[in-house]
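Structure data follow from protein.cif (mmCIF, C-alpha atoms):
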data_work
loop_
_atom_site.group_PDB
_atom_site.id
_atom_site.type_symbol
_atom_site.label_atom_id
_atom_site.label_comp_id
_atom_site.auth_asym_id
_atom_site.auth_seq_id
_atom_site.Cartn_x
_atom_site.Cartn_y
_atom_site.Cartn_z
ATOM 1 C CA MET A 4 -87.523 67.526 -16.599
ATOM 2 C CA HIS A 5 -89.367 64.704 -18.288
ATOM 3 C CA GLN A 6 -92.653 65.929 -16.883
ATOM 4 C CA ASP A 7 -92.012 69.499 -18.007
ATOM 5 C CA GLU A 8 -91.300 68.345 -21.513
ATOM 6 C CA ALA A 9 -94.438 66.230 -21.517
ATOM 7 C CA HIS A 10 -96.419 69.363 -20.645
ATOM 8 C CA ALA A 11 -94.595 71.534 -23.143
ATOM 9 C CA HIS A 12 -95.387 69.114 -25.917
ATOM 10 C CA ALA A 13 -98.933 68.239 -24.876
ATOM 11 C CA GLY A 14 -101.251 68.386 -27.851
ATOM 12 C CA HIS A 15 -98.505 68.178 -30.433
ATOM 13 C CA HIS A 16 -97.459 64.568 -30.089
ATOM 14 C CA ASP A 17 -99.196 61.417 -31.132
ATOM 15 C CA HIS A 18 -99.320 59.345 -27.970
ATOM 16 C CA GLY A 19 -101.125 56.415 -29.644
ATOM 17 C CA PRO A 20 -99.741 52.920 -29.980
ATOM 18 C CA THR A 21 -97.962 53.788 -33.229
ATOM 19 C CA ALA A 22 -96.126 56.799 -31.733
ATOM 20 C CA LYS A 23 -92.397 56.470 -32.062
ATOM 21 C CA ASP A 24 -90.627 55.759 -28.802
ATOM 22 C CA HIS A 25 -88.460 58.847 -28.674
ATOM 23 C CA ASP A 26 -88.346 61.898 -26.479
ATOM 24 C CA ASP A 27 -86.109 64.020 -28.618
ATOM 25 C CA ARG A 28 -85.838 65.735 -31.985
ATOM 26 C CA LEU A 29 -82.886 66.250 -34.268
ATOM 27 C CA THR A 30 -83.060 70.029 -34.371
ATOM 28 C CA TYR A 31 -80.907 72.287 -36.549
ATOM 29 C CA TYR A 32 -78.497 73.158 -33.733
ATOM 30 C CA ARG A 33 -78.340 69.596 -32.449
ATOM 31 C CA ALA A 34 -77.343 68.396 -35.941
ATOM 32 C CA MET A 35 -74.693 71.143 -36.027
ATOM 33 C CA GLU A 36 -73.335 70.092 -32.607
ATOM 34 C CA ILE A 37 -73.079 66.437 -33.680
ATOM 35 C CA ALA A 38 -71.364 67.344 -36.953
ATOM 36 C CA LEU A 39 -68.846 69.628 -35.201
ATOM 37 C CA ARG A 40 -68.157 67.139 -32.406
ATOM 38 C CA GLU A 41 -67.604 64.275 -34.827
ATOM 39 C CA LEU A 42 -65.257 66.369 -36.933
ATOM 40 C CA LEU A 43 -63.204 67.435 -33.903
ATOM 41 C CA ILE A 44 -62.950 63.811 -32.762
ATOM 42 C CA GLU A 45 -61.957 62.702 -36.273
ATOM 43 C CA LYS A 46 -59.248 65.383 -36.341
ATOM 44 C CA ARG A 47 -58.080 64.205 -32.877
ATOM 45 C CA ILE A 48 -58.607 67.615 -31.258
ATOM 46 C CA PHE A 49 -60.265 65.652 -28.464
ATOM 47 C CA SER A 50 -61.639 62.159 -28.026
ATOM 48 C CA ALA A 51 -65.152 60.833 -27.484
ATOM 49 C CA ASP A 52 -63.997 59.834 -24.006
ATOM 50 C CA ASP A 53 -62.961 63.453 -23.306
ATOM 51 C CA VAL A 54 -66.500 64.561 -24.175
ATOM 52 C CA ARG A 55 -68.022 61.842 -22.013
ATOM 53 C CA ARG A 56 -65.777 62.789 -19.089
ATOM 54 C CA ALA A 57 -66.672 66.477 -19.422
ATOM 55 C CA VAL A 58 -70.391 65.603 -19.333
ATOM 56 C CA GLU A 59 -69.837 63.308 -16.368
ATOM 57 C CA ALA A 60 -67.915 66.033 -14.512
ATOM 58 C CA MET A 61 -70.717 68.542 -15.137
ATOM 59 C CA ASP A 62 -73.338 66.053 -13.931
ATOM 60 C CA SER A 63 -71.349 65.450 -10.748
ATOM 61 C CA ARG A 64 -71.832 69.081 -9.733
ATOM 62 C CA THR A 65 -74.947 69.312 -7.600
ATOM 63 C CA PRO A 66 -76.804 71.923 -5.543
ATOM 64 C CA GLU A 67 -75.295 70.311 -2.443
ATOM 65 C CA ASN A 68 -72.034 72.132 -3.302
ATOM 66 C CA GLY A 69 -73.888 75.431 -2.902
ATOM 67 C CA ALA A 70 -75.594 74.188 0.268
ATOM 68 C CA ARG A 71 -72.162 73.420 1.746
ATOM 69 C CA LEU A 72 -70.985 76.976 1.099
ATOM 70 C CA ALA A 73 -74.131 78.391 2.702
ATOM 71 C CA ALA A 74 -73.973 76.087 5.735
ATOM 72 C CA ARG A 75 -70.305 77.021 6.318
ATOM 73 C CA ALA A 76 -71.280 80.705 6.116
ATOM 74 C CA TRP A 77 -74.029 80.131 8.684
ATOM 75 C CA VAL A 78 -71.625 78.682 11.265
ATOM 76 C CA ASP A 79 -68.459 80.669 10.452
ATOM 77 C CA PRO A 80 -68.818 84.487 10.311
ATOM 78 C CA GLU A 81 -65.284 84.963 8.967
ATOM 79 C CA PHE A 82 -65.949 82.523 6.119
ATOM 80 C CA LYS A 83 -69.219 84.332 5.402
ATOM 81 C CA LYS A 84 -67.323 87.611 4.982
ATOM 82 C CA ARG A 85 -64.947 85.967 2.517
ATOM 83 C CA LEU A 86 -67.856 84.286 0.673
ATOM 84 C CA LEU A 87 -69.687 87.591 0.203
ATOM 85 C CA ALA A 88 -66.492 89.412 -0.799
ATOM 86 C CA ASP A 89 -65.306 86.828 -3.357
ATOM 87 C CA GLY A 90 -67.571 83.822 -3.929
ATOM 88 C CA SER A 91 -65.220 81.983 -6.288
ATOM 89 C CA ALA A 92 -62.261 82.267 -3.903
ATOM 90 C CA ALA A 93 -64.398 80.974 -1.011
ATOM 91 C CA ALA A 94 -65.601 78.046 -3.164
ATOM 92 C CA ARG A 95 -61.997 77.177 -4.075
ATOM 93 C CA GLU A 96 -61.064 77.441 -0.403
ATOM 94 C CA MET A 97 -63.614 74.655 0.248
ATOM 95 C CA GLY A 98 -62.069 72.544 -2.501
ATOM 96 C CA PHE A 99 -64.594 73.088 -5.293
ATOM 97 C CA LYS A 100 -63.176 73.228 -8.815
ATOM 98 C CA VAL A 101 -65.111 76.124 -10.290
ATOM 99 C CA GLY A 102 -62.863 77.057 -13.223
ATOM 100 C CA GLU A 103 -63.402 80.585 -14.493
ATOM 101 C CA LEU A 104 -66.674 81.030 -12.596
ATOM 102 C CA LYS A 105 -67.164 84.557 -11.205
ATOM 103 C CA LEU A 106 -69.456 83.778 -8.314
ATOM 104 C CA MET A 107 -71.430 86.565 -6.655
ATOM 105 C CA VAL A 108 -73.083 85.491 -3.412
ATOM 106 C CA ILE A 109 -75.977 87.662 -2.251
ATOM 107 C CA GLU A 110 -77.204 87.499 1.318
ATOM 108 C CA ASN A 111 -80.878 87.429 2.255
ATOM 109 C CA THR A 112 -81.724 89.544 5.298
ATOM 110 C CA PRO A 113 -84.879 90.271 7.306
ATOM 111 C CA LYS A 114 -85.239 93.394 5.097
ATOM 112 C CA VAL A 115 -84.362 92.057 1.614
ATOM 113 C CA HIS A 116 -85.264 88.812 -0.152
ATOM 114 C CA ASN A 117 -83.096 88.187 -3.219
ATOM 115 C CA LEU A 118 -83.698 85.930 -6.196
ATOM 116 C CA VAL A 119 -82.017 85.168 -9.509
ATOM 117 C CA VAL A 120 -83.200 85.048 -13.098
ATOM 118 C CA CYS A 121 -81.447 85.240 -16.454
ATOM 119 C CA THR A 122 -83.850 86.985 -18.804
ATOM 120 C CA LEU A 123 -81.568 86.639 -21.840
ATOM 121 C CA CYS A 124 -80.793 82.918 -21.614
ATOM 122 C CA SER A 125 -80.076 80.614 -18.665
ATOM 123 C CA CYS A 126 -76.926 81.886 -16.900
ATOM 124 C CA TYR A 127 -76.509 79.883 -13.704
ATOM 125 C CA PRO A 128 -73.524 78.937 -11.470
ATOM 126 C CA ARG A 129 -73.149 75.610 -13.300
ATOM 127 C CA MET A 130 -69.481 75.194 -12.428
ATOM 128 C CA LEU A 131 -70.499 75.015 -8.770
ATOM 129 C CA ILE A 132 -74.014 73.483 -8.631
ATOM 130 C CA GLY A 133 -74.516 71.851 -12.037
ATOM 131 C CA LEU A 134 -77.198 72.396 -14.645
ATOM 132 C CA PRO A 135 -80.231 74.598 -13.930
ATOM 133 C CA PRO A 136 -83.731 73.148 -13.545
ATOM 134 C CA ALA A 137 -85.919 73.102 -16.669
ATOM 135 C CA TRP A 138 -88.209 75.841 -15.346
ATOM 136 C CA TYR A 139 -85.266 78.207 -14.867
ATOM 137 C CA LYS A 140 -84.720 78.111 -18.637
ATOM 138 C CA SER A 141 -88.391 78.543 -19.536
ATOM 139 C CA PRO A 142 -89.526 81.759 -21.239
ATOM 140 C CA ALA A 143 -92.328 82.035 -18.656
ATOM 141 C CA TYR A 144 -89.958 82.153 -15.665
ATOM 142 C CA ARG A 145 -87.484 84.404 -17.466
ATOM 143 C CA SER A 146 -90.076 86.980 -18.491
ATOM 144 C CA ARG A 147 -92.377 86.882 -15.462
ATOM 145 C CA MET A 148 -89.697 86.923 -12.766
ATOM 146 C CA VAL A 149 -88.673 90.490 -13.589
ATOM 147 C CA ARG A 150 -92.263 91.624 -14.216
ATOM 148 C CA GLU A 151 -94.197 90.089 -11.321
ATOM 149 C CA PRO A 152 -91.717 88.395 -8.979
ATOM 150 C CA ARG A 153 -94.093 88.150 -6.035
ATOM 151 C CA ALA A 154 -96.740 86.392 -8.113
ATOM 152 C CA VAL A 155 -94.144 83.878 -9.334
ATOM 153 C CA LEU A 156 -92.847 83.370 -5.774
ATOM 154 C CA ARG A 157 -96.395 82.640 -4.589
ATOM 155 C CA GLU A 158 -96.679 79.954 -7.281
ATOM 156 C CA PHE A 159 -93.550 78.396 -5.780
ATOM 157 C CA GLY A 160 -95.267 78.512 -2.371
ATOM 158 C CA THR A 161 -93.039 81.335 -1.149
ATOM 159 C CA HIS A 162 -94.745 84.272 0.541
ATOM 160 C CA ILE A 163 -92.586 87.324 1.217
ATOM 161 C CA PRO A 164 -94.234 89.986 3.437
ATOM 162 C CA ASP A 165 -94.837 93.347 1.739
ATOM 163 C CA ASP A 166 -92.504 95.133 4.163
ATOM 164 C CA VAL A 167 -89.609 92.985 2.921
ATOM 165 C CA GLU A 168 -88.021 94.243 -0.300
ATOM 166 C CA VAL A 169 -87.980 91.686 -3.126
ATOM 167 C CA ARG A 170 -84.793 92.261 -5.118
ATOM 168 C CA VAL A 171 -84.520 90.540 -8.490
ATOM 169 C CA HIS A 172 -81.022 89.901 -9.872
ATOM 170 C CA ASP A 173 -81.001 89.644 -13.652
ATOM 171 C CA SER A 174 -77.884 87.639 -14.551
ATOM 172 C CA THR A 175 -77.158 89.242 -17.909
ATOM 173 C CA ALA A 176 -73.396 89.213 -18.273
ATOM 174 C CA ASP A 177 -70.265 87.851 -16.568
ATOM 175 C CA LEU A 178 -71.286 87.137 -12.966
ATOM 176 C CA ARG A 179 -73.108 84.053 -11.744
ATOM 177 C CA TYR A 180 -75.313 84.404 -8.679
ATOM 178 C CA LEU A 181 -75.961 82.278 -5.625
ATOM 179 C CA ILE A 182 -78.303 83.360 -2.848
ATOM 180 C CA LEU A 183 -77.214 82.882 0.751
ATOM 181 C CA PRO A 184 -80.542 82.166 2.475
ATOM 182 C CA MET A 185 -81.365 83.126 6.045
ATOM 183 C CA ARG A 186 -80.719 80.459 8.637
ATOM 184 C CA PRO A 187 -84.050 79.164 9.948
ATOM 185 C CA LYS A 188 -85.014 79.738 13.564
ATOM 186 C CA GLY A 189 -84.725 76.652 15.740
ATOM 187 C CA THR A 190 -81.387 75.541 14.269
ATOM 188 C CA GLU A 191 -79.200 77.317 16.803
ATOM 189 C CA GLY A 192 -76.289 75.127 17.848
ATOM 190 C CA TRP A 193 -76.614 72.813 14.835
ATOM 191 C CA SER A 194 -73.425 71.652 13.140
ATOM 192 C CA GLU A 195 -72.522 72.508 9.572
ATOM 193 C CA GLU A 196 -73.269 68.902 8.547
ATOM 194 C CA GLN A 197 -76.732 69.069 10.102
ATOM 195 C CA LEU A 198 -77.527 72.338 8.319
ATOM 196 C CA VAL A 199 -76.578 71.291 4.768
ATOM 197 C CA PRO A 200 -79.753 69.250 4.051
ATOM 198 C CA LEU A 201 -81.967 72.242 4.950
ATOM 199 C CA ILE A 202 -80.577 74.240 2.010
ATOM 200 C CA SER A 203 -82.253 73.275 -1.250
ATOM 201 C CA ARG A 204 -81.403 74.190 -4.829
ATOM 202 C CA ASP A 205 -84.466 76.428 -4.987
ATOM 203 C CA SER A 206 -83.408 78.359 -1.886
ATOM 204 C CA LEU A 207 -80.025 79.012 -3.550
ATOM 205 C CA ILE A 208 -81.904 80.509 -6.543
ATOM 206 C CA GLY A 209 -84.158 82.445 -4.179
ATOM 207 C CA VAL A 210 -87.550 80.993 -5.121
ATOM 208 C CA ALA A 211 -87.791 79.221 -1.758
ATOM 209 C CA VAL A 212 -86.549 79.738 1.784
ATOM 210 C CA PRO A 213 -85.095 77.043 4.063
ATOM 211 C CA LYS A 214 -87.526 75.911 6.739
ATOM 212 C CA PHE A 215 -87.082 73.988 9.933
ATOM 213 C CA GLU A 216 -90.368 72.301 10.783
ATOM 214 C CA GLY A 217 -89.489 71.521 14.396
ATOM 215 C CA PRO A 218 -87.714 68.724 16.238
ATOM 216 C CA SER A 219 -87.813 65.464 14.320
ATOM 217 C CA MET B 171 -67.825 109.934 -29.874
ATOM 218 C CA THR B 172 -70.033 112.166 -27.776
ATOM 219 C CA ALA B 173 -69.071 113.779 -24.491
ATOM 220 C CA ASP B 174 -71.113 111.418 -22.331
ATOM 221 C CA GLN B 175 -69.387 108.379 -23.832
ATOM 222 C CA VAL B 176 -65.966 109.477 -22.607
ATOM 223 C CA GLN B 177 -67.212 110.595 -19.198
ATOM 224 C CA LYS B 178 -66.272 107.958 -16.606
ATOM 225 C CA LEU B 179 -69.195 106.480 -14.727
ATOM 226 C CA ARG B 180 -68.907 105.660 -11.051
ATOM 227 C CA VAL B 181 -70.761 103.841 -8.282
ATOM 228 C CA GLY B 182 -73.621 106.015 -7.065
ATOM 229 C CA ASP B 183 -74.205 107.718 -10.416
ATOM 230 C CA ARG B 184 -77.725 107.847 -11.778
ATOM 231 C CA VAL B 185 -77.717 106.446 -15.280
ATOM 232 C CA THR B 186 -80.156 105.885 -18.116
ATOM 233 C CA VAL B 187 -79.849 102.789 -20.282
ATOM 234 C CA ARG B 188 -79.420 103.618 -23.950
ATOM 235 C CA CYS B 189 -82.043 102.577 -26.468
ATOM 236 C CA MET B 190 -79.995 100.901 -29.170
ATOM 237 C CA PHE B 191 -80.952 98.122 -31.506
ATOM 238 C CA PRO B 192 -77.701 96.958 -33.120
ATOM 239 C CA VAL B 193 -77.829 93.890 -35.309
ATOM 240 C CA GLY B 194 -76.341 90.881 -33.549
ATOM 241 C CA HIS B 195 -75.614 89.640 -30.055
ATOM 242 C CA ILE B 196 -76.222 92.001 -27.129
ATOM 243 C CA ARG B 197 -76.340 91.463 -23.346
ATOM 244 C CA THR B 198 -78.847 94.219 -22.563
ATOM 245 C CA PRO B 199 -82.508 93.129 -22.468
ATOM 246 C CA ARG B 200 -85.156 95.323 -24.062
ATOM 247 C CA TYR B 201 -87.163 95.906 -20.877
ATOM 248 C CA ILE B 202 -84.307 97.853 -19.283
ATOM 249 C CA MET B 203 -83.618 100.167 -22.250
ATOM 250 C CA GLY B 204 -84.557 103.789 -21.601
ATOM 251 C CA ARG B 205 -84.908 103.187 -17.847
ATOM 252 C CA THR B 206 -83.079 105.130 -15.162
ATOM 253 C CA GLY B 207 -81.386 103.639 -12.114
ATOM 254 C CA ARG B 208 -78.287 103.957 -9.955
ATOM 255 C CA ILE B 209 -74.923 102.207 -10.326
ATOM 256 C CA SER B 210 -74.536 99.939 -7.283
ATOM 257 C CA HIS B 211 -71.282 98.051 -8.008
ATOM 258 C CA HIS B 212 -68.248 98.263 -10.234
ATOM 259 C CA VAL B 213 -67.827 94.621 -11.309
ATOM 260 C CA GLY B 214 -64.633 94.957 -13.346
ATOM 261 C CA GLU B 215 -63.233 95.052 -16.853
ATOM 262 C CA PHE B 216 -64.170 92.259 -19.254
ATOM 263 C CA PRO B 217 -63.735 91.567 -22.962
ATOM 264 C CA ASN B 218 -66.903 92.808 -24.664
ATOM 265 C CA PRO B 219 -69.247 89.782 -25.011
ATOM 266 C CA GLU B 220 -70.962 91.455 -27.964
ATOM 267 C CA GLU B 221 -67.651 91.075 -29.832
ATOM 268 C CA LEU B 222 -66.626 87.727 -28.325
ATOM 269 C CA ALA B 223 -69.840 86.270 -29.761
ATOM 270 C CA TYR B 224 -68.364 86.638 -33.243
ATOM 271 C CA GLY B 225 -64.934 85.188 -32.461
ATOM 272 C CA ARG B 226 -63.296 88.595 -32.051
ATOM 273 C CA SER B 227 -61.042 89.547 -29.132
ATOM 274 C CA GLY B 228 -63.547 91.771 -27.347
ATOM 275 C CA LEU B 229 -60.689 94.182 -26.629
ATOM 276 C CA PRO B 230 -60.303 96.809 -25.365
ATOM 277 C CA ALA B 231 -62.123 95.461 -22.315
ATOM 278 C CA LYS B 232 -65.331 97.192 -21.249
ATOM 279 C CA THR B 233 -66.298 98.159 -17.730
ATOM 280 C CA LEU B 234 -69.174 96.146 -16.317
ATOM 281 C CA PHE B 235 -71.472 97.635 -13.670
ATOM 282 C CA ARG B 236 -74.382 96.395 -11.632
ATOM 283 C CA VAL B 237 -77.230 98.893 -11.769
ATOM 284 C CA HIS B 238 -80.087 99.137 -9.287
ATOM 285 C CA PHE B 239 -83.637 100.034 -10.380
ATOM 286 C CA ASN B 240 -86.934 100.555 -8.583
ATOM 287 C CA GLN B 241 -89.508 98.130 -9.972
ATOM 288 C CA THR B 242 -92.055 100.955 -10.120
ATOM 289 C CA ASP B 243 -89.677 102.774 -12.515
ATOM 290 C CA LEU B 244 -89.517 99.704 -14.777
ATOM 291 C CA TRP B 245 -93.206 98.860 -14.833
ATOM 292 C CA PRO B 246 -95.688 101.716 -14.303
ATOM 293 C CA ASP B 247 -98.356 99.184 -13.302
ATOM 294 C CA TYR B 248 -96.072 97.116 -11.031
ATOM 295 C CA ARG B 249 -98.213 95.284 -8.502
ATOM 296 C CA GLY B 250 -95.636 94.061 -5.964
ATOM 297 C CA ALA B 251 -94.579 96.112 -2.955
ATOM 298 C CA PRO B 252 -93.470 99.724 -3.634
ATOM 299 C CA GLY B 253 -89.977 99.038 -2.212
ATOM 300 C CA ASP B 254 -89.213 96.169 -4.628
ATOM 301 C CA THR B 255 -86.095 96.519 -6.774
ATOM 302 C CA LEU B 256 -84.058 94.905 -9.547
ATOM 303 C CA GLU B 257 -80.314 94.719 -10.135
ATOM 304 C CA ILE B 258 -78.780 93.943 -13.476
ATOM 305 C CA GLU B 259 -75.300 93.792 -15.028
ATOM 306 C CA LEU B 260 -74.808 96.383 -17.770
ATOM 307 C CA TYR B 261 -71.731 97.367 -19.772
ATOM 308 C CA GLU B 262 -70.555 100.977 -19.756
ATOM 309 C CA HIS B 263 -71.352 101.605 -23.410
ATOM 310 C CA TRP B 264 -75.043 100.982 -22.649
ATOM 311 C CA LEU B 265 -75.161 103.643 -19.919
ATOM 312 C CA MET B 266 -75.329 107.418 -20.017
ATOM 313 C CA PRO B 267 -75.483 109.870 -17.123
ATOM 314 C CA SER B 268 -79.102 110.507 -16.282
ATOM 315 C CA ALA B 269 -80.574 113.887 -17.165
ATOM 316 C CA GLU B 270 -83.474 113.188 -14.862
ATOM 317 C CA GLY B 271 -81.998 113.828 -11.438
ATOM 318 C CA GLU B 272 -83.807 111.784 -8.822
ATOM 319 C CA ALA B 273 -86.994 111.205 -10.772
ATOM 320 C CA GLY B 274 -86.301 107.843 -12.440
ATOM 321 C CA GLY B 275 -88.689 106.380 -14.958
ATOM 322 C CA LYS B 276 -88.514 106.199 -18.704
ATOM 323 C CA SER B 277 -86.602 108.778 -20.690
ATOM 324 C CA ALA B 278 -87.686 110.051 -24.071
#

Can the structure in the file be given as structure tokens, please?
Amino acid sequence: MHQDEAHAHAGHHDHGPTAKDHDDRLTYYRAMEIALRELLIEKRIFSADDVRRAVEAMDSRTPENGARLAARAWVDPEFKKRLLADGSAAAREMGFKVGELKLMVIENTPKVHNLVVCTLCSCYPRMLIGLPPAWYKSPAYRSRMVREPRAVLREFGTHIPDDVEVRVHDSTADLRYLILPMRPKGTEGWSEEQLVPLISRDSLIGVAVPKFEGPS
Amino acid sequence: MTADQVQKLRVGDRVTVRCMFPVGHIRTPRYIMGRTGRISHHVGEFPNPEELAYGRSGLPAKTLFRVHFNQTDLWPDYRGAPGDTLEIELYEHWLMPSAEGEAGGKSA
């Protein structure tokens, strides 16, 4: 995140010894958010601690939650059916508090590689796996992923053969998407716990695929 | 209201995305307007987000579909594989039955 912002701002900032030590700007909408929040706290609609706790709860959601769903689906075919039929219900079944999230889980197969983008903003299954990476919100990813998905995948180091369909899911409205990656060869007989670390955030977005490099 | 607005759309129907440029919040990106695809899923009924954005009720609820497109129908110069596709959520009021049959591509 910090690195991305450094790149985004390259050439516009004074990095000399007199540069102010800040990494942020008080934008129009940020000023509006602060004003509204302070008013609501003053009127006792909620407290500053409520806000802090909500932020803390959001930050405690990590991609590992998604990896746990995927690993369970890999070892339990009945769970996989339920996960693909109703992602939110399957997540609740595993104890995740996903609120109003409408989770759509899409399965990768030997014939179809799926990936997710939100061209209009940055829709992402936050209530399950937390905040999206900075690149997911970038105009470059959002515009290029629908236009030249294979080129973008190659930049992520992901090469999908031409005889495999690349299917882009543009998350424009009420659903939030999670990709169920294919289980890598060589992991037969592994336990759910052993499989979880193979499943990265990026493989749940569909810009990467889980790999097993061989016996460790 | 025109005839095609009251006609119920169903999974499997070929549909063309309307070209509309209303002022305000919409959930239909420009690149998909005027393109023809096939309804792949009926997602459900939801309060209209284009109304919710302004603090209104969004009712009556609108039907949300997922619609499947061939990439070569979206981008004439698409350089991926010919079988590549895209799926996108679109509300019923953005869709009209396609007059193009199986051809796909951009409508007038």

(request) Using all atoms listed in the file, determine which residues lie at most 8 Å from stretch 184-187 of chain B, disregarding the query and same-chain residues fewer than 4 positions distant; provide the list as a list in words. (result)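 Result of the neighbour search: Ile202, Met203, Gly204, Arg205, Thr206, Gly207, Arg208, Ile209, Trp264, Leu265, Met266, Pro267, Ser268, Gly271, Glu272 and Ser277 of chain B.
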
Which residues, written as a PDB file with C-alpha atoms, in the coordinates of the input, have at least one atom at most 12 Å from stretch 259-261 of chain B, with all atoms listed in the file counted and residues fewer than 3 positions away on the same chain left out?
ATOM      1  CA  MET A 107     -71.430  86.565  -6.655  1.00  0.00           C
ATOM      2  CA  VAL A 120     -83.200  85.048 -13.098  1.00  0.00           C
ATOM      3  CA  CYS A 121     -81.447  85.240 -16.454  1.00  0.00           C
ATOM      4  CA  THR A 122     -83.850  86.985 -18.804  1.00  0.00           C
ATOM      5  CA  LEU A 123     -81.568  86.639 -21.840  1.00  0.00           C
ATOM      6  CA  VAL A 171     -84.520  90.540  -8.490  1.00  0.00           C
ATOM      7  CA  HIS A 172     -81.022  89.901  -9.872  1.00  0.00           C
ATOM      8  CA  ASP A 173     -81.001  89.644 -13.652  1.00  0.00           C
ATOM      9  CA  SER A 174     -77.884  87.639 -14.551  1.00  0.00           C
ATOM     10  CA  THR A 175     -77.158  89.242 -17.909  1.00  0.00           C
ATOM     11  CA  ALA A 176     -73.396  89.213 -18.273  1.00  0.00           C
ATOM     12  CA  ASP A 177     -70.265  87.851 -16.568  1.00  0.00           C
ATOM     13  CA  LEU A 178     -71.286  87.137 -12.966  1.00  0.00           C
ATOM     14  CA  ARG A 179     -73.108  84.053 -11.744  1.00  0.00           C
ATOM     15  CA  TYR A 180     -75.313  84.404  -8.679  1.00  0.00           C
TER      16      TYR A 180
ATOM     17  CA  GLN B 175     -69.387 108.379 -23.832  1.00  0.00           C
ATOM     18  CA  LEU B 179     -69.195 106.480 -14.727  1.00  0.00           C
ATOM     19  CA  VAL B 185     -77.717 106.446 -15.280  1.00  0.00           C
ATOM     20  CA  THR B 186     -80.156 105.885 -18.116  1.00  0.00           C
ATOM     21  CA  VAL B 187     -79.849 102.789 -20.282  1.00  0.00           C
ATOM     22  CA  ARG B 188     -79.420 103.618 -23.950  1.00  0.00           C
ATOM     23  CA  ILE B 196     -76.222  92.001 -27.129  1.00  0.00           C
ATOM     24  CA  ARG B 197     -76.340  91.463 -23.346  1.00  0.00           C
ATOM     25  CA  THR B 198     -78.847  94.219 -22.563  1.00  0.00           C
ATOM     26  CA  PRO B 199     -82.508  93.129 -22.468  1.00  0.00           C
ATOM     27  CA  ILE B 202     -84.307  97.853 -19.283  1.00  0.00           C
ATOM     28  CA  MET B 203     -83.618 100.167 -22.250  1.00  0.00           C
ATOM     29  CA  GLY B 207     -81.386 103.639 -12.114  1.00  0.00           C
ATOM     30  CA  ARG B 208     -78.287 103.957  -9.955  1.00  0.00           C
ATOM     31  CA  ILE B 209     -74.923 102.207 -10.326  1.00  0.00           C
ATOM     32  CA  SER B 210     -74.536  99.939  -7.283  1.00  0.00           C
ATOM     33  CA  HIS B 211     -71.282  98.051  -8.008  1.00  0.00           C
ATOM     34  CA  HIS B 212     -68.248  98.263 -10.234  1.00  0.00           C
ATOM     35  CA  VAL B 213     -67.827  94.621 -11.309  1.00  0.00           C
ATOM     36  CA  GLY B 214     -64.633  94.957 -13.346  1.00  0.00           C
ATOM     37  CA  GLU B 215     -63.233  95.052 -16.853  1.00  0.00           C
ATOM     38  CA  PHE B 216     -64.170  92.259 -19.254  1.00  0.00           C
ATOM     39  CA  PRO B 217     -63.735  91.567 -22.962  1.00  0.00           C
ATOM     40  CA  ASN B 218     -66.903  92.808 -24.664  1.00  0.00           C
ATOM     41  CA  PRO B 219     -69.247  89.782 -25.011  1.00  0.00           C
ATOM     42  CA  GLU B 220     -70.962  91.455 -27.964  1.00  0.00           C
ATOM     43  CA  ALA B 231     -62.123  95.461 -22.315  1.00  0.00           C
ATOM     44  CA  LYS B 232     -65.331  97.192 -21.249  1.00  0.00           C
ATOM     45  CA  THR B 233     -66.298  98.159 -17.730  1.00  0.00           C
ATOM     46  CA  LEU B 234     -69.174  96.146 -16.317  1.00  0.00           C
ATOM     47  CA  PHE B 235     -71.472  97.635 -13.670  1.00  0.00           C
ATOM     48  CA  ARG B 236     -74.382  96.395 -11.632  1.00  0.00           C
ATOM     49  CA  VAL B 237     -77.230  98.893 -11.769  1.00  0.00           C
ATOM     50  CA  HIS B 238     -80.087  99.137  -9.287  1.00  0.00           C
ATOM     51  CA  PHE B 239     -83.637 100.034 -10.380  1.00  0.00           C
ATOM     52  CA  LEU B 256     -84.058  94.905  -9.547  1.00  0.00           C
ATOM     53  CA  TRP B 264     -75.043 100.982 -22.649  1.00  0.00           C
ATOM     54  CA  LEU B 265     -75.161 103.643 -19.919  1.00  0.00           C
ATOM     55  CA  MET B 266     -75.329 107.418 -20.017  1.00  0.00           C
TER      56      MET B 266
END

Can you build me a table of stretch 195-253 of chain B residues sitting at most 9 Å from stretch 146-166 of chain A, with the closest atom pair per residue and its distance in Å to one decimal, using all atoms listed in the file, sorted by chain and residue number, as JSON lines?
{"residue": "B:Gln241", "atom": "CA", "partner": "A:Arg150", "partner_atom": "CA", "distance": 8.2}
{"residue": "B:Leu244", "atom": "CA", "partner": "A:Arg150", "partner_atom": "CA", "distance": 8.6}
{"residue": "B:Trp245", "atom": "CA", "partner": "A:Arg150", "partner_atom": "CA", "distance": 7.3}
{"residue": "B:Tyr248", "atom": "CA", "partner": "A:Glu151", "partner_atom": "CA", "distance": 7.3}
{"residue": "B:Arg249", "atom": "CA", "partner": "A:Glu151", "partner_atom": "CA", "distance": 7.1}
{"residue": "B:Gly250", "atom": "CA", "partner": "A:Arg153", "partner_atom": "CA", "distance": 6.1}
{"residue": "B:Ala251", "atom": "CA", "partner": "A:Asp165", "partner_atom": "CA", "distance": 5.5}
{"residue": "B:Pro252", "atom": "CA", "partner": "A:Asp165", "partner_atom": "CA", "distance": 8.5}
{"residue": "B:Gly253", "atom": "CA", "partner": "A:Asp166", "partner_atom": "CA", "distance": 7.9}

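The spacing separating atom CA of A:Arg129 from atom CA of A:Ile208 amounts to 12.1 Å.
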
(request) In Å, rounded to a single decimal, give me how far atom CA of A:Glu96 is from atom CA of A:Lys83. (result)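 Rounded to one decimal, the two atoms are 12.2 Å apart.
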